[in-house]
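Peer 1: Structure below; questions to follow.
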Amino acid sequence: MSVISKKLSVTFIGTLALMLTACASKEQSITADQATVEYNLLYSMPEAPISYDQQVRPVLESRCVVCHGCYDAPCQLKLSSPEGIHRGGNKNKVYDGGRITAADPTRLFIDAQTTDEWRQKQFHPVLNEGDANPLSNLESSVMYRMLRQKQLYPQARTGMLSDDFDVSLDREQTCPTIEEFDDYAAKHPKGGMPYAMPNLDRDEYAALVYWLAQGAPMPEDEPPSDNAAKQIEQWEAFLNGKSNKERLVGRYLYEHLFQAHLHFEGTGDREFYRLVRSTTPPGQPVEVIPTRRPYNDPNGVVYYRILRHQGSIVAKTHLVYELSDQRLQRYSELFIEPEYDVASLPSYQPEVASNPIKTFAAIPVKSRYRFLLDDAKFFIEGFIKGPVCRGQIALNVIEDQFWVVFFDPDAEIMSLDDEFLNKVADYLASPSELEDNFRLLASKRHYRGLFRKYIQTKESYVEDFDLVNLNDAMRYIWNGDGTNPNAALTIFRHMDSASVNYGFIGDYPETAWIIDYSVLERIHYLLVAGFDVYGNLGHQLNTRLYMDFLRTEGEDYFLAFMPVATRQALREKWYQGIRESNRNDEGEVHWVNMEIVTGYQTNDPQLELYQRLEGYLGALTGDGDYINRCTSDECKPGVNEDVLRADSAMQKAARMDGMIVQILPDVAFVRVRMGGKPEDDLAYTMISNKAYKNVTSMFASEKLGNRRDYEEDTQTVVRWLEGAYPNFFYVVELDDIESFVEEYNSLDNRDEYEAFVARYGLRRTSEDFWEHADWFNEQYRREKPKLSGIYDFNRYQNR
């Protein structure tokens, strides 16, 4: 864009200064000094164009994308890419669990491709789209007006924010257009941006203001790198094979990888791609097919294409999947080399396409299962980082901490037998086939009936099951072929978000899952491929209710390894309160009273099984989790004395349990300052594990006494950054680490906790909040160069 003429600049800043001075005389809280600051800033506006990549994007990522980066971005304003900025805002919420009819989807890069198309979908601009001159570019920009509002009405710099600020996740949103902004500013004077966070500093504010005044120039989308382009050609050729067999495999891979951030071997750590369906073949421009679900009918010939991911990477949607020559060879081994016939391609009708057991019956089940096991963490993470991740759709059905292992793909069990799965395929239908049908109670009865038939059919196959010694029973558990870390996983639920990690982390959990092919595949199709975040109440409730069955199946497989007496006691404990009704989901079953695994040597078989799994899986379970479980010297990692000092102190923090945990953040990041360079500081995550008498009520409050079991609450502490939504930050000097933990462990009530926060916490008002927020984002990237993304602060608490 051409440089701003000095004459125009003088006119512009003069007009703006008069306006600001007028504001200062009208509003008591806007001082003439603040108007002067704005005037001086604009007077010094450079003539040279502001660089988006070098000056603007870093500010947007660190100060704006932290709240405006995903489906739940306020006003659907996604500032993580030029396309999102041009698209603007929308007054409709994406997450609306009460809507009777489904909403039109508004997925960036999918449901519309141009700004004009987004305007037709009720998105309003946040940039000036009228006459282009510096004054209009600012005064007709919602984005600038929001930034300036914050400068004119800065928030408090100490203590908790007042009740004027609603920072709850489901707060009422006000999404003013430029025509509505004056009224908005009068009603919400403290509603400037960044909302309920410290002001931008002068340089950050200036960079954005200058850029907006110059018309907000942004670069074109980045093309694939040369290295990636060569691999894209190879992969698109593989995915678009001509035979029925190749076409079925291409469909299977797409429906499992459609939300992945693909990373090609040999490309930059921050270079990612996505797999889409297109009406155009390789070699032609991509025309994305925007169906609600990846298995919906494309109404024509489909081609699988690979596009570069544009914009910033946010942690809560970052699902990395590696593509390489080795991966391509693996796919050939699993799907192409085995001999099987695909006489005809499956239908796209919902009752077929939503049931992967039926759709892909032609592909050997062991090929499908090994494909999923190769990257089990990625597929489990799919429902954690996908659109379903927020709130009560799937997460309220799981415990706050539990371990997951898998059946071995070579184990002789019925759910890995093609003939058996084909026989029961109709029983494995899920409510995804209903899409937005509202038949709630009838649906529950129908799918519970199918679930019971499936369980009873499985039981008929094990009536003459021979007893297995505990040592021999380990052969049924997948050992990751000795090297694959996906063999042992830990899942943490952080109230309305979750995370998954390799290994067994934390203290021995109350529950664990053993997953087979059927459960893993159905989780993906229920909560990832089949879930529509824009769906209606019926779709969301049916999804939530069916997830109970999948959780029950995973837990039942674990219980099957227990002696009958222990199994029944655990089942009684797990199925309390509202969850008691789920005890009968399976109908009349006999396995509960069947001895299956023998050879236990202690009076605590559950602990014995956990420890046997640790021994069997060995290094794949992690390093013994020195902080949470192992206190012996041989578990201590080889680190220097200062790190060991911090670890030893934080180990004591992991012992925090009981009633006080209820007032602690679900996920708190801790920065231990080591006295040297910032990159040498240590990062810990303190995770509150809330215990529940039941986890099945979608609408029950976390605070209802009939749900929570406060005295069983625990803490897990890890020496890395866990989760995508930090709820709070603590900053501690190494010399204070023992005092920090001692005070933390002695907390007895909320008043004591507030005093603790005043000493060590970073409130939303802290002047150094952004300094430490930046450090945590940078530390995450140091820890995980490919897997990291920008943290989301929408759940940061006002403490």
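Following the order of the structure tokens, chains are lettered A, B, ..., residues in each are numbered from 1, and ligands are numbered from 1.
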Can you tell me, as number ranges by chain, what residues are no more than 10 Å from segment 449-458 of chain A when counting only C-alpha atoms, ignoring any on the same chain fewer than 2 positions away?

Peer 2: A: 413-415, 420-421, 423-430, 443-447, 460-463, 546, 549-550, 553, 584-591

Peer 1: Using N, CA and C atoms, can you export the residues from the last selection as a tab-separated table (two decimals), in the first residue's frame?

Peer 2:
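Below is the file that was written, again_3.tsv:
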```tsv
chain	number	residue	atom	x	y	z
A	413	ILE	N	-9.27	-62.56	20.61
A	413	ILE	CA	-10.52	-62.08	21.20
A	413	ILE	C	-11.51	-61.81	20.08
A	414	MET	N	-12.78	-61.93	20.39
A	414	MET	CA	-13.80	-61.89	19.36
A	414	MET	C	-13.86	-60.54	18.64
A	415	SER	N	-13.57	-59.45	19.32
A	415	SER	CA	-13.69	-58.14	18.70
A	415	SER	C	-12.58	-57.86	17.69
A	420	PHE	N	-16.86	-62.16	13.39
A	420	PHE	CA	-17.66	-61.72	14.53
A	420	PHE	C	-18.12	-60.27	14.35
A	421	LEU	N	-17.21	-59.38	13.97
A	421	LEU	CA	-17.58	-57.97	13.83
A	421	LEU	C	-18.65	-57.79	12.75
A	423	LYS	N	-20.89	-59.87	12.00
A	423	LYS	CA	-22.13	-60.40	12.55
A	423	LYS	C	-22.82	-59.38	13.45
A	424	VAL	N	-22.04	-58.62	14.22
A	424	VAL	CA	-22.63	-57.70	15.20
A	424	VAL	C	-22.63	-56.25	14.72
A	425	ALA	N	-22.27	-56.01	13.48
A	425	ALA	CA	-22.12	-54.63	12.99
A	425	ALA	C	-23.37	-53.80	13.21
A	426	ASP	N	-24.54	-54.39	13.00
A	426	ASP	CA	-25.79	-53.63	13.19
A	426	ASP	C	-25.98	-53.21	14.64
A	427	TYR	N	-25.45	-54.00	15.57
A	427	TYR	CA	-25.57	-53.66	16.99
A	427	TYR	C	-24.67	-52.48	17.37
A	428	LEU	N	-23.72	-52.16	16.50
A	428	LEU	CA	-22.75	-51.12	16.83
A	428	LEU	C	-23.09	-49.78	16.17
A	429	ALA	N	-24.33	-49.64	15.75
A	429	ALA	CA	-24.80	-48.35	15.26
A	429	ALA	C	-24.81	-47.35	16.40
A	430	SER	N	-24.60	-46.09	16.08
A	430	SER	CA	-24.58	-45.04	17.11
A	430	SER	C	-25.54	-43.93	16.72
A	443	SER	N	-34.35	-42.77	21.42
A	443	SER	CA	-33.00	-43.08	20.96
A	443	SER	C	-32.22	-43.80	22.04
A	444	LYS	N	-32.34	-43.34	23.27
A	444	LYS	CA	-31.59	-43.98	24.35
A	444	LYS	C	-32.03	-45.43	24.49
A	445	ARG	N	-33.33	-45.68	24.47
A	445	ARG	CA	-33.82	-47.05	24.60
A	445	ARG	C	-33.34	-47.91	23.43
A	446	HIS	N	-33.39	-47.33	22.22
A	446	HIS	CA	-33.01	-48.08	21.03
A	446	HIS	C	-31.54	-48.47	21.08
A	447	TYR	N	-30.65	-47.51	21.36
A	447	TYR	CA	-29.22	-47.80	21.33
A	447	TYR	C	-28.78	-48.61	22.55
A	460	SER	N	-21.66	-64.82	24.80
A	460	SER	CA	-21.88	-66.17	24.29
A	460	SER	C	-20.61	-66.78	23.73
A	461	TYR	N	-19.63	-65.91	23.40
A	461	TYR	CA	-18.37	-66.40	22.85
A	461	TYR	C	-17.37	-66.77	23.93
A	462	VAL	N	-17.63	-66.39	25.18
A	462	VAL	CA	-16.66	-66.65	26.25
A	462	VAL	C	-17.24	-67.53	27.35
A	463	GLU	N	-18.33	-68.20	27.09
A	463	GLU	CA	-18.93	-69.04	28.12
A	463	GLU	C	-17.99	-70.15	28.57
A	546	TYR	N	-24.62	-41.86	24.50
A	546	TYR	CA	-23.96	-43.05	23.93
A	546	TYR	C	-22.53	-43.18	24.45
A	549	PHE	N	-21.93	-45.69	27.13
A	549	PHE	CA	-21.74	-47.09	26.76
A	549	PHE	C	-20.27	-47.37	26.46
A	550	LEU	N	-19.61	-46.44	25.77
A	550	LEU	CA	-18.21	-46.65	25.41
A	550	LEU	C	-17.32	-46.61	26.64
A	553	GLU	N	-17.79	-49.89	28.44
A	553	GLU	CA	-17.08	-50.99	27.79
A	553	GLU	C	-15.59	-50.98	28.15
A	584	ASN	N	-27.15	-51.02	34.64
A	584	ASN	CA	-28.03	-51.94	33.93
A	584	ASN	C	-28.02	-51.74	32.42
A	585	ASP	N	-27.11	-50.87	31.93
A	585	ASP	CA	-27.07	-50.63	30.49
A	585	ASP	C	-26.80	-51.90	29.71
A	586	GLU	N	-26.02	-52.80	30.30
A	586	GLU	CA	-25.66	-54.02	29.58
A	586	GLU	C	-26.75	-55.09	29.66
A	587	GLY	N	-27.75	-54.86	30.48
A	587	GLY	CA	-28.77	-55.87	30.67
A	587	GLY	C	-28.26	-56.99	31.57
A	588	GLU	N	-28.85	-58.15	31.42
A	588	GLU	CA	-28.44	-59.30	32.25
A	588	GLU	C	-27.15	-59.89	31.70
A	589	VAL	N	-26.08	-59.81	32.49
A	589	VAL	CA	-24.79	-60.32	32.07
A	589	VAL	C	-24.26	-61.30	33.10
A	590	HIS	N	-23.39	-62.18	32.65
A	590	HIS	CA	-22.85	-63.21	33.52
A	590	HIS	C	-21.36	-63.04	33.78
A	591	TRP	N	-20.70	-62.26	32.93
A	591	TRP	CA	-19.26	-62.12	33.07
A	591	TRP	C	-18.86	-61.53	34.42
```

Peer 1: Can you pull out the residues contacting Ala237 of chain A? Cut-off 12 Å, using only C-alpha atoms, and skip same-chain residues under 6 positions away; I want them as a VMD selection string.

Peer 2: chain A and resid 230 to 231 246 to 247 250 281 to 283 303 to 306 328

Peer 1: Those same residues, written as a tab-separated table (two decimals), in the first residue's frame with all heavy atoms?

Peer 2:
```tsv
chain	number	residue	atom	x	y	z
A	230	LYS	N	6.66	-31.81	-3.21
A	230	LYS	CA	7.01	-33.11	-3.79
A	230	LYS	C	6.28	-34.23	-3.07
A	230	LYS	O	5.80	-35.18	-3.70
A	230	LYS	CB	8.52	-33.31	-3.72
A	230	LYS	CG	9.33	-32.31	-4.53
A	230	LYS	CD	10.82	-32.52	-4.31
A	230	LYS	CE	11.63	-31.48	-5.06
A	230	LYS	NZ	13.10	-31.63	-4.80
A	231	GLN	N	6.20	-34.13	-1.76
A	231	GLN	CA	5.53	-35.18	-0.99
A	231	GLN	C	4.01	-35.13	-1.17
A	231	GLN	O	3.34	-36.18	-1.16
A	231	GLN	CB	5.90	-35.06	0.48
A	231	GLN	CG	7.39	-35.29	0.74
A	231	GLN	CD	7.75	-35.24	2.21
A	231	GLN	OE1	7.33	-36.09	2.99
A	231	GLN	NE2	8.52	-34.23	2.61
A	246	GLU	N	-8.36	-49.18	-3.46
A	246	GLU	CA	-7.64	-47.93	-3.18
A	246	GLU	C	-8.60	-46.81	-2.80
A	246	GLU	O	-8.31	-45.99	-1.92
A	246	GLU	CB	-6.82	-47.53	-4.40
A	246	GLU	CG	-5.65	-48.46	-4.69
A	246	GLU	CD	-5.01	-48.18	-6.03
A	246	GLU	OE1	-5.77	-48.08	-7.03
A	246	GLU	OE2	-3.77	-48.06	-6.09
A	247	ARG	N	-9.76	-46.78	-3.43
A	247	ARG	CA	-10.73	-45.73	-3.13
A	247	ARG	C	-11.30	-45.91	-1.72
A	247	ARG	O	-11.53	-44.93	-1.01
A	247	ARG	CB	-11.85	-45.73	-4.18
A	247	ARG	CG	-11.38	-45.28	-5.56
A	247	ARG	CD	-12.45	-45.48	-6.62
A	247	ARG	NE	-13.61	-44.61	-6.38
A	247	ARG	CZ	-14.75	-44.70	-7.08
A	247	ARG	NH1	-14.87	-45.65	-8.02
A	247	ARG	NH2	-15.74	-43.88	-6.83
A	250	GLY	N	-8.59	-44.79	0.65
A	250	GLY	CA	-8.52	-43.32	0.66
A	250	GLY	C	-9.62	-42.72	1.52
A	250	GLY	O	-9.38	-41.77	2.29
A	281	PRO	N	-9.37	-32.78	-9.24
A	281	PRO	CA	-8.29	-33.76	-9.07
A	281	PRO	C	-6.95	-33.08	-8.81
A	281	PRO	O	-6.81	-31.87	-8.97
A	281	PRO	CB	-8.29	-34.49	-10.41
A	281	PRO	CG	-8.75	-33.46	-11.39
A	281	PRO	CD	-9.77	-32.63	-10.66
A	282	PRO	N	-5.96	-33.87	-8.40
A	282	PRO	CA	-4.60	-33.33	-8.23
A	282	PRO	C	-4.14	-32.61	-9.50
A	282	PRO	O	-4.43	-33.05	-10.62
A	282	PRO	CB	-3.76	-34.58	-7.96
A	282	PRO	CG	-4.72	-35.54	-7.33
A	282	PRO	CD	-6.03	-35.29	-8.03
A	283	GLY	N	-3.43	-31.50	-9.27
A	283	GLY	CA	-2.96	-30.70	-10.38
A	283	GLY	C	-3.84	-29.52	-10.69
A	283	GLY	O	-3.43	-28.60	-11.41
A	303	TYR	N	-12.09	-36.21	-4.65
A	303	TYR	CA	-10.63	-36.31	-4.69
A	303	TYR	C	-10.10	-35.85	-3.34
A	303	TYR	O	-10.60	-34.87	-2.77
A	303	TYR	CB	-10.04	-35.43	-5.81
A	303	TYR	CG	-10.51	-35.83	-7.19
A	303	TYR	CD1	-11.62	-35.19	-7.77
A	303	TYR	CD2	-9.88	-36.84	-7.90
A	303	TYR	CE1	-12.06	-35.55	-9.04
A	303	TYR	CE2	-10.32	-37.21	-9.17
A	303	TYR	CZ	-11.41	-36.56	-9.72
A	303	TYR	OH	-11.85	-36.93	-10.97
A	304	TYR	N	-9.10	-36.53	-2.84
A	304	TYR	CA	-8.50	-36.17	-1.57
A	304	TYR	C	-7.27	-35.32	-1.84
A	304	TYR	O	-6.34	-35.73	-2.52
A	304	TYR	CB	-8.15	-37.44	-0.78
A	304	TYR	CG	-9.37	-38.29	-0.54
A	304	TYR	CD1	-9.58	-39.47	-1.25
A	304	TYR	CD2	-10.35	-37.88	0.37
A	304	TYR	CE1	-10.73	-40.23	-1.05
A	304	TYR	CE2	-11.50	-38.63	0.56
A	304	TYR	CZ	-11.68	-39.80	-0.16
A	304	TYR	OH	-12.83	-40.53	0.03
A	305	ARG	N	-7.29	-34.11	-1.30
A	305	ARG	CA	-6.25	-33.12	-1.61
A	305	ARG	C	-5.62	-32.61	-0.31
A	305	ARG	O	-6.23	-32.68	0.78
A	305	ARG	CB	-6.86	-31.94	-2.38
A	305	ARG	CG	-7.63	-32.34	-3.63
A	305	ARG	CD	-6.71	-32.90	-4.74
A	305	ARG	NE	-5.67	-31.94	-5.07
A	305	ARG	CZ	-5.84	-30.90	-5.89
A	305	ARG	NH1	-7.02	-30.69	-6.45
A	305	ARG	NH2	-4.85	-30.07	-6.15
A	306	ILE	N	-4.44	-32.07	-0.43
A	306	ILE	CA	-3.69	-31.59	0.73
A	306	ILE	C	-3.38	-30.11	0.55
A	306	ILE	O	-2.80	-29.70	-0.46
A	306	ILE	CB	-2.39	-32.40	0.93
A	306	ILE	CG1	-2.74	-33.87	1.21
A	306	ILE	CG2	-1.56	-31.82	2.07
A	306	ILE	CD1	-1.53	-34.79	1.29
A	328	LEU	N	4.12	-44.02	4.42
A	328	LEU	CA	3.52	-44.50	3.18
A	328	LEU	C	3.73	-46.00	3.03
A	328	LEU	O	2.81	-46.73	2.61
A	328	LEU	CB	4.11	-43.74	2.00
A	328	LEU	CG	3.38	-43.86	0.66
A	328	LEU	CD1	1.94	-43.35	0.77
A	328	LEU	CD2	4.12	-43.08	-0.42
```

Peer 1: Just list as JSON, numbers by chain whatever in segment 500-673 of chain A DSSP marks as helix (DSSP H, G or I).

Peer 2: {"A": [517, 518, 519, 520, 521, 522, 523, 524, 525, 526, 527, 528, 529, 537, 538, 539, 540, 541, 542, 543, 544, 545, 546, 547, 548, 549, 550, 551, 552, 553, 554, 555, 556, 557, 558, 559, 564, 565, 566, 567, 568, 569, 570, 571, 572, 573, 574, 577, 578, 579, 580, 581, 582, 583, 584, 591, 592, 593, 605, 606, 607, 608, 609, 610, 611, 612, 613, 614, 615, 616, 617, 618, 619, 620, 621, 633, 634, 635, 641, 642, 643, 644, 645, 646, 647, 648, 649, 650, 651, 652, 653, 659, 660, 661, 662, 663]}

Peer 1: Can you pull out every residue within 10 Å of Ala156 of chain A, counting only C-alpha atoms, but drop anything in the same chain fewer than 3 positions away, and send it as an MDAnalysis selection string?

Peer 2: chainID A and resid 153 159:162 196:199 764:767

Peer 1: Only N, CA and C atoms, please: the residues just picked out, written as a PDB file, in the first residue's frame.

Peer 2:
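Output contents, as saved in part30.pdb:
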```pdb
ATOM      1  N   TYR A 153     -10.120   3.384  29.026  1.00  0.00           N
ATOM      2  CA  TYR A 153     -10.633   2.870  30.296  1.00  0.00           C
ATOM      3  C   TYR A 153      -9.783   1.680  30.747  1.00  0.00           C
ATOM      4  N   GLY A 159      -5.099  -6.519  42.652  1.00  0.00           N
ATOM      5  CA  GLY A 159      -6.276  -7.196  43.186  1.00  0.00           C
ATOM      6  C   GLY A 159      -7.086  -7.919  42.137  1.00  0.00           C
ATOM      7  N   MET A 160      -8.210  -8.448  42.565  1.00  0.00           N
ATOM      8  CA  MET A 160      -9.109  -9.140  41.644  1.00  0.00           C
ATOM      9  C   MET A 160      -9.890  -8.125  40.832  1.00  0.00           C
ATOM     10  N   LEU A 161     -10.278  -8.528  39.645  1.00  0.00           N
ATOM     11  CA  LEU A 161     -11.155  -7.678  38.853  1.00  0.00           C
ATOM     12  C   LEU A 161     -12.508  -7.547  39.534  1.00  0.00           C
ATOM     13  N   SER A 162     -13.136  -6.421  39.340  1.00  0.00           N
ATOM     14  CA  SER A 162     -14.443  -6.186  39.946  1.00  0.00           C
ATOM     15  C   SER A 162     -15.517  -6.997  39.238  1.00  0.00           C
ATOM     16  N   ALA A 196     -10.624  -7.919  30.052  1.00  0.00           N
ATOM     17  CA  ALA A 196     -10.317  -8.479  31.369  1.00  0.00           C
ATOM     18  C   ALA A 196      -8.879  -8.972  31.460  1.00  0.00           C
ATOM     19  N   MET A 197      -8.007  -8.385  30.665  1.00  0.00           N
ATOM     20  CA  MET A 197      -6.578  -8.675  30.700  1.00  0.00           C
ATOM     21  C   MET A 197      -5.827  -7.337  30.723  1.00  0.00           C
ATOM     22  N   PRO A 198      -4.553  -7.336  31.133  1.00  0.00           N
ATOM     23  CA  PRO A 198      -3.817  -6.070  31.162  1.00  0.00           C
ATOM     24  C   PRO A 198      -3.756  -5.403  29.794  1.00  0.00           C
ATOM     25  N   ASN A 199      -3.630  -4.094  29.814  1.00  0.00           N
ATOM     26  CA  ASN A 199      -3.534  -3.327  28.576  1.00  0.00           C
ATOM     27  C   ASN A 199      -2.308  -3.727  27.768  1.00  0.00           C
ATOM     28  N   ARG A 764      -5.311 -11.445  36.755  1.00  0.00           N
ATOM     29  CA  ARG A 764      -5.584 -10.780  35.484  1.00  0.00           C
ATOM     30  C   ARG A 764      -5.189  -9.306  35.510  1.00  0.00           C
ATOM     31  N   THR A 765      -4.964  -8.773  36.704  1.00  0.00           N
ATOM     32  CA  THR A 765      -4.580  -7.370  36.818  1.00  0.00           C
ATOM     33  C   THR A 765      -3.071  -7.168  36.953  1.00  0.00           C
ATOM     34  N   SER A 766      -2.310  -8.232  37.081  1.00  0.00           N
ATOM     35  CA  SER A 766      -0.869  -8.106  37.350  1.00  0.00           C
ATOM     36  C   SER A 766      -0.164  -7.389  36.202  1.00  0.00           C
ATOM     37  N   GLU A 767       0.676  -6.426  36.548  1.00  0.00           N
ATOM     38  CA  GLU A 767       1.374  -5.655  35.524  1.00  0.00           C
ATOM     39  C   GLU A 767       2.352  -6.512  34.729  1.00  0.00           C
TER      40      GLU A 767
END
```

Peer 1: Near Ala653 of chain A, within 7 Å and counting only C-alpha atoms, which residues show up once chain neighbours fewer than 4 positions away are dropped, as a PyMOL selection string?

Peer 2: chain A and resi 649+741+745

Peer 1: Residues of segment 241-348 of chain A that have any atom at most 9 Å from an atom of segment 710-732 of chain A: could you tabulate them with the shortest-distance atom pair and the distance in Å to one decimal, using only C-alpha atoms, ordered by chain and increasing number, as a Markdown table?

Peer 2:
```
| residue | atom | partner | partner_atom | distance |
| --- | --- | --- | --- | --- |
| A:Val314 | CA | A:Ala724 | CA | 8.5 |
| A:Ala315 | CA | A:Ala724 | CA | 5.4 |
| A:Lys316 | CA | A:Ala724 | CA | 5.2 |
| A:Thr317 | CA | A:Ala724 | CA | 8.9 |
```

Peer 1: Taking C-alpha atoms for each residue, export the selection above as a tab-separated table (two decimals), in the first residue's frame.

Peer 2:
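Saved result, again05.tsv, follows:
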```tsv
chain	number	residue	atom	x	y	z
A	314	VAL	CA	-3.38	-22.71	18.70
A	315	ALA	CA	-2.78	-25.44	21.28
A	316	LYS	CA	-6.40	-26.47	21.69
A	317	THR	CA	-6.80	-27.64	18.06
```

Peer 1: Val276 of chain A: which residues within 10 Å, counting only C-alpha atoms, same-chain residues fewer than 4 positions away excluded, as a PyMOL selection string?

Peer 2: chain A and resi 110+254-255+257-259+286-290+294+302-307

Peer 1: Please produce a file of those selected residues containing N, CA, C and O atoms, as a compact mmCIF listing (two decimals), in the first residue's frame.

Peer 2:
```
# COMPACT_ATOMS: atom_id res chain seq x y z
N ILE A 110 -13.70 -23.52 5.19
CA ILE A 110 -14.53 -24.63 4.70
C ILE A 110 -15.87 -24.13 4.17
O ILE A 110 -16.22 -24.37 3.02
N TYR A 254 -9.03 -40.56 4.99
CA TYR A 254 -9.54 -39.20 5.10
C TYR A 254 -10.44 -39.03 6.30
O TYR A 254 -10.32 -38.05 7.05
N GLU A 255 -11.35 -39.98 6.53
CA GLU A 255 -12.30 -39.84 7.63
C GLU A 255 -11.63 -39.93 8.99
O GLU A 255 -12.23 -39.56 10.01
N LEU A 257 -8.30 -38.64 9.34
CA LEU A 257 -7.25 -37.62 9.39
C LEU A 257 -7.73 -36.24 8.99
O LEU A 257 -6.93 -35.31 8.89
N PHE A 258 -9.03 -36.06 8.81
CA PHE A 258 -9.54 -34.79 8.28
C PHE A 258 -9.27 -33.61 9.19
O PHE A 258 -9.21 -32.47 8.73
N GLN A 259 -9.11 -33.82 10.50
CA GLN A 259 -8.83 -32.67 11.37
C GLN A 259 -7.37 -32.61 11.81
O GLN A 259 -7.00 -31.79 12.65
N VAL A 286 -7.85 -26.47 -5.68
CA VAL A 286 -8.74 -27.22 -4.79
C VAL A 286 -10.08 -26.51 -4.65
O VAL A 286 -10.14 -25.30 -4.45
N GLU A 287 -11.15 -27.27 -4.76
CA GLU A 287 -12.51 -26.79 -4.50
C GLU A 287 -13.06 -27.63 -3.35
O GLU A 287 -13.53 -28.75 -3.55
N VAL A 288 -13.01 -27.09 -2.14
CA VAL A 288 -13.37 -27.85 -0.94
C VAL A 288 -14.85 -28.21 -0.95
O VAL A 288 -15.71 -27.38 -1.27
N ILE A 289 -15.13 -29.47 -0.60
CA ILE A 289 -16.52 -29.94 -0.45
C ILE A 289 -16.92 -29.73 1.01
O ILE A 289 -16.44 -30.42 1.90
N PRO A 290 -17.82 -28.79 1.28
CA PRO A 290 -18.10 -28.39 2.68
C PRO A 290 -19.23 -29.15 3.34
O PRO A 290 -20.22 -28.58 3.78
N PRO A 294 -17.32 -35.59 7.76
CA PRO A 294 -16.41 -36.07 6.71
C PRO A 294 -16.96 -37.25 5.93
O PRO A 294 -16.45 -37.56 4.85
N VAL A 302 -15.14 -37.63 -5.75
CA VAL A 302 -14.35 -37.05 -4.68
C VAL A 302 -12.86 -37.24 -4.96
O VAL A 302 -12.44 -38.31 -5.42
N TYR A 303 -12.09 -36.21 -4.65
CA TYR A 303 -10.63 -36.31 -4.69
C TYR A 303 -10.10 -35.85 -3.34
O TYR A 303 -10.60 -34.87 -2.77
N TYR A 304 -9.10 -36.53 -2.84
CA TYR A 304 -8.50 -36.17 -1.57
C TYR A 304 -7.27 -35.32 -1.84
O TYR A 304 -6.34 -35.73 -2.52
N ARG A 305 -7.29 -34.11 -1.30
CA ARG A 305 -6.25 -33.12 -1.61
C ARG A 305 -5.62 -32.61 -0.31
O ARG A 305 -6.23 -32.68 0.78
N ILE A 306 -4.44 -32.07 -0.43
CA ILE A 306 -3.69 -31.59 0.73
C ILE A 306 -3.38 -30.11 0.55
O ILE A 306 -2.80 -29.70 -0.46
N LEU A 307 -3.79 -29.31 1.53
CA LEU A 307 -3.59 -27.86 1.52
C LEU A 307 -2.71 -27.44 2.69
O LEU A 307 -2.74 -28.07 3.75
```

Peer 1: Can you list, as a list in words, all residues belonging to segment 327-558 of chain A that DSSP tags as strand (DSSP E or B)?

Peer 2: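 Written out, the strand (DSSP E or B) residues of segment 327-558 of chain A are Gln401, Phe402, Trp403, Val404, Val405, Phe406, Phe407, Val468, Asn469, Ile477, Leu489, Thr490, Ile491, Phe492, Arg493, Ala498, Ser499, Val500, Asn501, Tyr502, Thr511, Ala512, Trp513, Ile514 and Ile515 of chain A.
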
Peer 1: Using only C-alpha atoms, find the one residue out of A:Trp235, A:Tyr95, A:Trp478, A:Tyr52 that sits nearest to Pro217 of chain A.

Peer 2: A:Tyr52

Peer 1: Which neighbours of Gln214 of chain A fall inside 7 Å, counting only C-alpha atoms, when residues of the same chain fewer than 3 positions from it are skipped, and could you give them as a count of residues only?

Peer 2: 3

Peer 1: Looking at A:Met45, A:Leu613, A:Ile687, A:Ala103, which one is nearest to Leu470 of chain A, with distances taken over only C-alpha atoms?

Peer 2: A:Leu613

Peer 1: I want to know what sits within 10 Å of Asp221 of chain A, based on only C-alpha atoms, with residues of the same chain fewer than 6 positions away left out; could you give that as a list in words?

Peer 2: Ser81, Pro82, Glu83, Arg308, His309, Gln310 and Gly311 of chain A

Peer 1: Suppose you want the space between atom CA of Asn355 of chain A and atom CA of Asp341 of chain A; what is it in Å?

Peer 2: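 It comes out at 19.8 Å.
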
Peer 1: So which one's closest to Ser497 of chain A, A:Phe383, A:Glu555, A:Leu541, A:Thr602? Using only C-alpha atoms, please.

Peer 2: A:Phe383
